[in-house]
>>> print(open('input22.txt').read())   # compact mmCIF, C-alpha atoms
# COMPACT_ATOMS: atom_id res chain seq x y z
CA MET A 1 92.83 104.00 33.36
CA THR A 2 95.29 104.73 36.17
CA ILE A 3 95.29 102.32 39.12
CA LEU A 4 95.66 104.38 42.27
CA PHE A 5 96.22 101.44 44.64
CA GLU A 6 96.21 97.70 44.77
CA ARG A 7 93.88 95.91 47.09
CA ALA A 8 95.63 93.99 49.87
CA ALA A 9 95.74 90.25 49.49
CA SER A 10 92.98 88.41 51.30
CA THR A 11 93.96 86.90 54.64
CA PRO A 12 91.10 84.56 55.58
CA ASP A 13 92.85 83.28 58.69
CA GLY A 14 93.25 86.71 60.25
CA ILE A 15 90.84 89.19 61.78
CA ASN A 16 90.33 92.51 60.03
CA PRO A 17 88.22 94.50 62.50
CA SER A 18 86.75 96.62 59.74
CA ARG A 19 85.45 93.57 57.85
CA ALA A 20 85.01 90.60 60.17
CA ARG A 21 81.49 89.78 61.25
CA ASP A 22 80.77 89.27 64.92
CA VAL A 23 80.57 85.49 64.53
CA VAL A 24 84.00 85.43 62.86
CA ARG A 25 85.57 87.64 65.51
CA ALA A 26 84.12 85.34 68.18
CA LEU A 27 85.55 82.31 66.37
CA TYR A 28 89.12 83.57 66.76
CA ASN A 29 88.79 85.40 70.03
CA ARG A 30 90.24 84.24 73.33
CA PRO A 31 89.39 85.61 76.78
CA PRO A 32 92.10 88.11 77.73
CA LEU A 33 91.90 87.02 81.39
CA THR A 34 90.18 84.31 83.41
CA ALA A 35 89.95 83.63 87.13
CA ALA A 36 92.21 80.63 86.55
CA ASP A 37 95.02 83.06 85.68
CA LEU A 38 94.86 84.51 89.19
CA SER A 39 96.31 83.62 92.58
CA ALA A 40 95.68 85.55 95.78
CA PRO A 41 97.94 86.45 98.70
CA LEU A 42 96.62 85.11 102.02
CA LEU A 43 97.99 86.98 105.03
CA PHE A 44 97.57 85.35 108.43
CA LEU A 45 97.10 88.06 111.03
CA SER A 46 96.66 87.63 114.74
CA LEU A 47 95.00 90.92 115.58
CA PRO A 48 91.93 91.61 117.70
CA GLY A 49 88.77 92.37 115.78
CA GLY A 50 88.53 95.97 114.71
CA ALA A 51 92.22 96.67 115.17
CA GLU A 52 93.49 99.61 113.15
CA GLY A 53 94.63 98.52 109.71
CA ARG A 54 92.92 95.15 110.13
CA TYR A 55 91.53 95.01 106.61
CA SER A 56 93.93 97.35 104.86
CA LEU A 57 94.73 94.63 102.30
CA PRO A 58 92.42 92.01 100.77
CA GLY A 59 93.23 88.52 101.99
CA ALA A 60 94.42 89.69 105.42
CA VAL A 61 92.55 87.32 107.72
CA GLN A 62 92.55 85.68 111.10
CA LEU A 63 92.70 81.89 111.31
CA SER A 64 88.95 81.61 111.85
CA GLU A 65 88.40 83.29 108.47
CA VAL A 66 90.85 81.25 106.39
CA SER A 67 88.45 78.43 105.47
CA THR A 68 85.59 80.63 104.31
CA THR A 69 87.97 82.95 102.45
CA VAL A 70 89.75 80.30 100.39
CA ALA A 71 86.52 78.38 99.75
CA ARG A 72 84.99 81.57 98.38
CA TRP A 73 88.02 82.15 96.17
CA ALA A 74 87.91 78.57 94.89
CA ASP A 75 84.22 78.96 94.00
CA LEU A 76 85.18 82.01 91.94
CA GLY A 77 87.75 79.95 90.00
CA ILE A 78 90.90 81.28 91.68
CA ARG A 79 93.30 78.35 91.64
CA GLY A 80 96.15 79.38 93.91
CA VAL A 81 97.07 81.18 97.11
CA LYS A 82 100.38 82.31 98.51
CA VAL A 83 100.45 82.14 102.29
CA PHE A 84 102.24 84.62 104.53
CA ALA A 85 102.16 84.44 108.32
CA PHE A 86 102.59 87.19 110.89
CA GLY A 87 104.99 85.72 113.46
CA HIS A 88 104.51 87.33 116.86
CA ASP A 89 106.80 84.89 118.65
CA ARG A 90 110.01 86.38 117.29
CA ASP A 91 113.59 86.05 118.38
CA ARG A 92 117.09 86.41 116.99
CA TYR A 93 117.13 82.86 115.64
CA ALA A 94 113.58 82.80 114.17
CA THR A 95 112.80 79.72 116.23
CA GLY A 96 109.07 80.34 115.84
CA ALA A 97 109.39 79.61 112.11
CA THR A 98 110.07 75.94 112.83
CA ALA A 99 107.90 75.57 115.95
CA PRO A 100 105.33 72.78 115.64
CA ASP A 101 101.86 74.01 114.65
CA ASN A 102 102.95 77.62 114.23
CA ARG A 103 100.78 80.16 112.44
CA MET A 104 102.01 79.21 108.99
CA ILE A 105 101.44 75.51 109.60
CA ARG A 106 97.90 76.11 110.87
CA THR A 107 97.09 78.29 107.88
CA ILE A 108 98.34 75.74 105.33
CA LYS A 109 96.27 73.02 106.98
CA ALA A 110 93.16 75.22 107.00
CA VAL A 111 93.56 76.07 103.32
CA LYS A 112 93.97 72.47 102.26
CA GLU A 113 91.01 71.32 104.37
CA ALA A 114 88.74 73.99 102.90
CA ALA A 115 89.96 73.88 99.28
CA PRO A 116 92.02 70.74 98.55
CA ALA A 117 92.37 71.59 94.85
CA THR A 118 93.81 75.03 95.54
CA ALA A 119 97.56 75.24 94.90
CA VAL A 120 99.30 76.48 98.03
CA THR A 121 102.59 78.35 97.84
CA THR A 122 104.27 79.48 101.05
CA GLU A 123 106.73 82.21 101.90
CA VAL A 124 110.01 80.78 103.18
CA CYS A 125 111.82 83.67 104.83
CA GLY A 126 112.99 84.85 108.24
CA CYS A 127 111.53 88.36 108.08
CA SER A 128 108.26 87.44 109.84
CA TRP A 129 110.04 85.46 112.54
CA THR A 130 113.24 87.34 113.45
CA ASP A 131 113.08 90.03 116.11
CA HIS A 132 115.22 92.29 113.90
CA GLY A 133 112.87 91.85 110.91
CA GLN A 134 115.57 90.72 108.53
CA CYS A 135 115.22 87.87 106.04
CA VAL A 136 118.43 86.20 107.19
CA LEU A 137 120.11 85.16 110.42
CA ARG A 138 123.15 87.13 111.60
CA THR A 139 126.35 86.22 113.38
CA ASP A 140 127.48 88.00 116.55
CA SER A 141 129.54 90.31 114.36
CA GLY A 142 126.53 91.20 112.22
CA ASP A 143 127.45 89.24 109.12
CA ILE A 144 124.96 86.98 107.36
CA ASP A 145 125.15 83.52 108.90
CA LEU A 146 124.83 81.59 105.66
CA GLU A 147 124.78 78.06 107.01
CA SER A 148 122.23 78.85 109.72
CA THR A 149 120.04 80.71 107.22
CA TYR A 150 120.20 77.81 104.77
CA ARG A 151 119.20 75.37 107.52
CA LEU A 152 116.33 77.61 108.60
CA MET A 153 114.97 77.95 105.08
CA GLY A 154 115.30 74.23 104.40
CA ALA A 155 113.57 73.31 107.66
CA MET A 156 110.72 75.75 106.97
CA ALA A 157 110.25 74.35 103.46
CA VAL A 158 110.09 70.76 104.71
CA MET A 159 107.59 71.63 107.44
CA HIS A 160 105.37 73.43 104.96
CA ALA A 161 105.53 70.52 102.52
CA GLU A 162 104.64 68.00 105.21
CA VAL A 163 101.31 69.71 105.94
CA GLY A 164 100.27 70.29 102.34
CA ALA A 165 102.22 73.09 100.66
CA ASP A 166 102.51 72.43 96.93
CA CYS A 167 105.27 74.95 96.31
CA VAL A 168 107.62 76.96 98.52
CA SER A 169 108.91 80.42 97.74
CA PRO A 170 112.27 81.43 99.22
CA THR A 171 111.98 85.19 99.46
CA ALA A 172 115.46 86.43 100.35
CA MET A 173 117.62 86.59 97.23
CA LEU A 174 120.52 84.77 98.81
CA ASP A 175 122.87 82.79 96.59
CA GLY A 176 122.85 79.13 97.54
CA SER A 177 119.46 79.27 99.25
CA ILE A 178 117.50 77.71 96.41
CA GLN A 179 119.88 74.77 96.24
CA ALA A 180 119.66 74.36 100.02
CA VAL A 181 115.85 74.35 99.95
CA ARG A 182 115.71 71.94 97.00
CA GLN A 183 118.12 69.54 98.68
CA ALA A 184 116.22 69.68 101.97
CA LEU A 185 112.91 68.88 100.25
CA ASP A 186 114.41 66.04 98.22
CA ALA A 187 116.10 64.53 101.26
CA GLU A 188 112.72 64.26 103.02
CA GLY A 189 110.93 62.77 100.04
CA HIS A 190 109.24 65.92 98.77
CA ARG A 191 110.60 65.87 95.24
CA ASP A 192 107.18 66.82 93.88
CA VAL A 193 107.05 70.09 95.86
CA GLY A 194 108.09 73.00 93.68
CA VAL A 195 110.56 75.75 94.51
CA ASN A 196 109.56 79.21 93.32
CA PRO A 197 112.14 81.87 94.27
CA ASN A 198 111.63 85.60 94.02
CA LEU A 199 113.15 87.97 91.55
CA ALA A 200 112.61 90.97 93.80
CA ILE A 201 113.41 94.43 92.51
CA HIS A 202 113.78 97.22 95.05
CA THR A 203 110.68 99.40 95.16
CA SER A 204 108.41 101.44 97.40
CA LEU A 205 105.55 99.19 96.28
CA TYR A 206 106.22 96.67 99.08
CA GLY A 207 105.29 99.26 101.72
CA PRO A 208 101.71 98.38 102.78
CA PHE A 209 102.57 94.69 103.18
CA LYS A 210 105.67 95.42 105.25
CA THR A 211 103.70 97.76 107.51
CA LEU A 212 100.80 95.36 108.02
CA MET A 213 103.01 92.31 108.57
CA GLN A 214 105.71 94.22 110.46
CA THR A 215 108.54 92.91 108.30
CA ASP A 216 110.54 96.11 107.93
CA PRO A 217 114.06 95.66 109.36
CA ARG A 218 114.61 97.48 112.63
CA SER A 219 117.76 98.99 111.20
CA GLY A 220 119.24 99.38 107.74
CA HIS A 221 117.52 97.94 104.69
CA ARG A 222 117.48 94.75 102.64
CA ARG A 223 118.59 96.16 99.30
CA GLY A 224 121.54 93.78 99.36
CA LEU A 225 118.98 90.98 98.99
CA GLN A 226 117.08 92.72 96.18
CA LEU A 227 117.86 93.80 92.64
CA GLU A 228 118.48 97.45 91.82
CA PRO A 229 115.87 99.02 89.52
CA GLY A 230 118.46 100.79 87.38
CA ARG A 231 119.85 97.42 86.26
CA ALA A 232 116.60 95.49 86.53
CA GLN A 233 116.52 94.07 83.01
CA LEU A 234 120.06 92.72 83.01
CA ASP A 235 120.29 91.60 86.62
CA THR A 236 116.89 89.90 86.62
CA LEU A 237 117.91 87.74 83.67
CA LEU A 238 121.20 86.87 85.34
CA GLN A 239 119.55 86.03 88.65
CA ALA A 240 116.91 83.92 86.93
CA ARG A 241 119.67 81.82 85.38
CA ARG A 242 121.28 81.37 88.79
CA TRP A 243 117.99 80.26 90.36
CA ILE A 244 117.29 77.76 87.59
CA ALA A 245 120.83 76.38 87.95
CA GLU A 246 120.23 75.94 91.70
CA GLY A 247 117.05 73.96 91.11
CA ALA A 248 114.16 76.43 90.81
CA ASP A 249 111.05 75.10 89.07
CA SER A 250 109.36 78.46 88.50
CA LEU A 251 110.00 82.15 89.19
CA THR A 252 108.18 85.09 90.74
CA LEU A 253 108.84 88.61 89.51
CA GLN A 254 107.94 91.49 91.80
CA PRO A 255 106.77 94.19 91.54
CA VAL A 256 105.25 94.22 88.06
CA MET A 257 103.50 97.58 87.74
CA THR A 258 106.86 99.26 87.15
CA THR A 259 108.69 96.33 85.51
CA GLY A 260 106.62 95.32 82.50
CA ASP A 261 109.74 95.60 80.35
CA VAL A 262 111.54 93.14 82.62
CA LEU A 263 108.64 90.66 82.45
CA VAL A 264 108.77 90.67 78.64
CA ARG A 265 112.54 90.11 78.60
CA LEU A 266 112.29 87.39 81.23
CA ARG A 267 109.57 85.57 79.27
CA ASP A 268 111.63 85.72 76.10
CA GLU A 269 114.56 84.02 77.81
CA GLN A 270 112.99 81.62 80.31
CA LYS A 271 110.58 78.78 79.55
CA VAL A 272 109.76 77.91 83.18
CA PRO A 273 106.46 79.17 84.63
CA ILE A 274 106.55 82.82 85.68
CA VAL A 275 104.38 84.37 88.39
CA ALA A 276 103.85 88.13 88.15
CA TYR A 277 103.32 89.47 91.68
CA SER A 278 101.27 92.64 91.75
CA THR A 279 102.49 93.75 95.17
CA SER A 280 100.66 95.50 98.00
CA GLY A 281 101.62 99.01 96.95
CA GLU A 282 99.85 98.47 93.64
CA TRP A 283 96.50 97.83 95.34
CA ALA A 284 95.67 101.50 95.87
CA ALA A 285 96.39 102.26 92.22
CA LEU A 286 94.29 99.32 91.07
CA GLN A 287 91.37 100.49 93.19
CA ALA A 288 91.51 103.81 91.39
CA LEU A 289 91.28 101.98 88.06
CA GLY A 290 88.08 100.19 89.04
CA THR A 291 87.48 96.51 88.36
CA ALA A 292 87.26 96.91 84.59
CA GLY A 293 90.63 98.67 84.63
CA MET A 294 92.04 95.97 86.89
CA VAL A 295 91.03 93.34 84.34
CA GLU A 296 92.81 95.20 81.55
CA TYR A 297 95.95 95.65 83.64
CA LEU A 298 96.15 92.02 84.75
CA ALA A 299 95.40 90.82 81.22
CA MET A 300 98.36 92.85 80.03
CA LEU A 301 100.60 90.95 82.46
CA VAL A 302 99.38 87.66 81.04
CA ARG A 303 100.02 88.86 77.48
CA ALA A 304 103.47 90.03 78.55
CA GLY A 305 104.32 86.49 79.63
CA ALA A 306 102.98 85.71 83.10
CA ASP A 307 101.63 82.20 83.59
CA GLN A 308 99.98 83.31 86.84
CA VAL A 309 99.28 86.70 88.35
CA LEU A 310 99.50 86.91 92.13
CA THR A 311 97.42 89.93 93.09
CA PHE A 312 95.45 91.48 95.92
CA ALA A 313 92.82 92.25 93.26
CA ALA A 314 92.16 88.55 92.58
CA GLU A 315 88.78 88.33 94.30
CA ALA A 316 87.44 91.63 92.95
CA VAL A 317 88.50 90.71 89.41
CA ALA A 318 87.19 87.14 89.63
CA GLU A 319 83.80 88.43 90.78
CA HIS A 320 83.80 90.90 87.90
CA LEU A 321 84.57 88.13 85.40
CA GLU A 322 81.97 85.79 86.90
CA ALA A 323 79.35 88.48 86.42
CA GLY A 324 80.05 88.28 82.70
CA HIS A 325 81.92 91.54 82.30
CA ALA A 326 84.72 91.63 79.75
>>> encode(input="input22.txt", output="structure tokens")
Amino acid sequence: MTILFERAASTPDGINPSRARDVVRALYNRPPLTAADLSAPLLFLSLPGGAEGRYSLPGAVQLSEVSTTVARWADLGIRGVKVFAFGHDRDRYATGATAPDNRMIRTIKAVKEAAPATAVTTEVCGCSWTDHGQCVLRTDSGDIDLESTYRLMGAMAVMHAEVGADCVSPTAMLDGSIQAVRQALDAEGHRDVGVNPNLAIHTSLYGPFKTLMQTDPRSGHRRGLQLEPGRAQLDTLLQARRWIAEGADSLTLQPVMTTGDVLVRLRDEQKVPIVAYSTSGEWAALQALGTAGMVEYLAMLVRAGADQVLTFAAEAVAEHLEAGHA
């Protein structure tokens, strides 16, 4: 008798979907995404009720809404928020960023009072506080004033830490800034506050946030402080090494909808925690997917290597998961 094929060797520790019973599949299965994998952007706005664009992004709130918003998120199992503040009191030197009890300071306090166990990360950048909308301070000749920018970022980080921030996120990709922030925190006794710099790749997917928070530069662009998409894989890995060498504890990659390949490469090389930031321009696309599609997309980011996903879809997805949907 001719043997046409040999049966594959049994693999009792693996799942063969054509053979495994439901109870066996359940034994090995893991949830692809949980609310604990999610963090939410919290955008402090100081706009009158009903102003145009007021609720164009989830998490865009006035101070009176911060407590109820973060408490609701915490009840859903969302463990972290990243705070951004709209600085109306702007000037050339971003003095509002270090003014006592400014909008960022009030928001951090409100979050920690309402949800003490929620991890708070803050944006440390000049773009919301300078009258020219740039992330850095400039000299009279228009060059980047490195020392003044370092001092500004360090002072912001210390102020945020003093009122409860658990981690600070320097946004401008400026060499030396991570070291300056780390040293400023350590000097004031905040060695347990993390530094989470951005790995920001140039994209149109920052647009809705920049419009709502009015952080677009009045002239020029900030591509010199971002990575170019054509070299994203190589340059992201190089920049990540620089940030770790300067004292970074974790990293944020943004955007992620168009950089899944970069996330995989970054995870392969770096062992520090990685936050995948699904930026504001992705929100419209995610809405079109529906909540079930959002879950699948965000789960993919976790499989690709993200330890946390920062997303405007956090609340919608957490509600979907709480309802028992896969």
>>> closest_residue(input="input22.txt", among="A:Thr211, A:Thr291, A:Thr171, A:Thr107", to="A:Ser67", atoms="all atoms listed in the file")
A:Thr107
>>> closest_residue(input="input22.txt", among="A:Ser278, A:Asn102, A:Gln270, A:Ser169", to="A:Met294", atoms="all atoms listed in the file")
A:Ser278
>>> atom_distance(input="input22.txt", atom1="atom CA of A:Gly281", atom2="atom CA of A:Gln134")
19.9 Å
>>> atom_distance(input="input22.txt", atom1="atom CA of A:Val195", atom2="atom CA of A:Glu123")
10.5 Å
>>> closest_residue(input="input22.txt", among="A:Arg106, A:Phe44, A:Ser250, A:Pro100", to="A:Phe86", atoms="only C-alpha atoms")
A:Phe44
>>> residues_near_point(input="input22.txt", point="(100.7, 77.4, 112.4)", cutoff="12 Å", atoms="only C-alpha atoms", output="MDAnalysis selection string")
chainID A and resid 44:46 62:63 83:89 96:111 156 159:160 163
>>> closest_residue(input="input22.txt", among="A:Ala114, A:Leu185, A:Val309, A:Leu212", to="A:Val61", atoms="all atoms listed in the file")
A:Leu212
>>> atom_distance(input="input22.txt", atom1="atom CA of A:Gln233", atom2="atom CA of A:Ser39")
24.7 Å
>>> residues_around(input="input22.txt", residues="A:Ala245", least_positions_apart="5", cutoff="12 Å", atoms="all atoms listed in the file", output="list in words")
Asp175, Gly176, Ser177, Ile178, Gln179, Arg182, Leu238, Gln239, Ala240 and Ser250 of chain A
>>> residues_around(input="input22.txt", residues="A:Thr121", least_positions_apart="3", cutoff="7 Å", atoms="all atoms listed in the file", output="list in words")
Val81, Lys82, Val83, Ala165, Asp166, Cys167, Val168 and Ser169 of chain A
>>> residues_around(input="input22.txt", residues="A:Asp261", least_positions_apart="6", cutoff="12 Å", atoms="all atoms listed in the file", output="PDB file with C-alpha atoms, keeping the file's coordinate frame")
ATOM      1  CA  PRO A 229     115.870  99.020  89.520  1.00  0.00           C
ATOM      2  CA  ARG A 231     119.850  97.420  86.260  1.00  0.00           C
ATOM      3  CA  ALA A 232     116.600  95.490  86.530  1.00  0.00           C
ATOM      4  CA  GLN A 233     116.520  94.070  83.010  1.00  0.00           C
ATOM      5  CA  LEU A 234     120.060  92.720  83.010  1.00  0.00           C
ATOM      6  CA  THR A 236     116.890  89.900  86.620  1.00  0.00           C
ATOM      7  CA  LEU A 237     117.910  87.740  83.670  1.00  0.00           C
ATOM      8  CA  LEU A 253     108.840  88.610  89.510  1.00  0.00           C
ATOM      9  CA  PRO A 255     106.770  94.190  91.540  1.00  0.00           C
ATOM     10  CA  ARG A 267     109.570  85.570  79.270  1.00  0.00           C
ATOM     11  CA  ASP A 268     111.630  85.720  76.100  1.00  0.00           C
ATOM     12  CA  MET A 300      98.360  92.850  80.030  1.00  0.00           C
ATOM     13  CA  LEU A 301     100.600  90.950  82.460  1.00  0.00           C
ATOM     14  CA  ALA A 304     103.470  90.030  78.550  1.00  0.00           C
ATOM     15  CA  GLY A 305     104.320  86.490  79.630  1.00  0.00           C
TER      16      GLY A 305
END
>>> closest_residue(input="input22.txt", among="A:Pro58, A:Gly126, A:Gly230, A:Pro208", to="A:Thr149", atoms="all atoms listed in the file")
A:Gly126
>>> closest_residue(input="input22.txt", among="A:Arg25, A:Lys210, A:His190, A:Lys112", to="A:Val66", atoms="all atoms listed in the file")
A:Lys112
>>> residues_around(input="input22.txt", residues="A:Arg92", least_positions_apart="4", cutoff="12 Å", atoms="only C-alpha atoms", output="PyMOL selection string")
chain A and resi 96-97+126-140+142+145+148-149
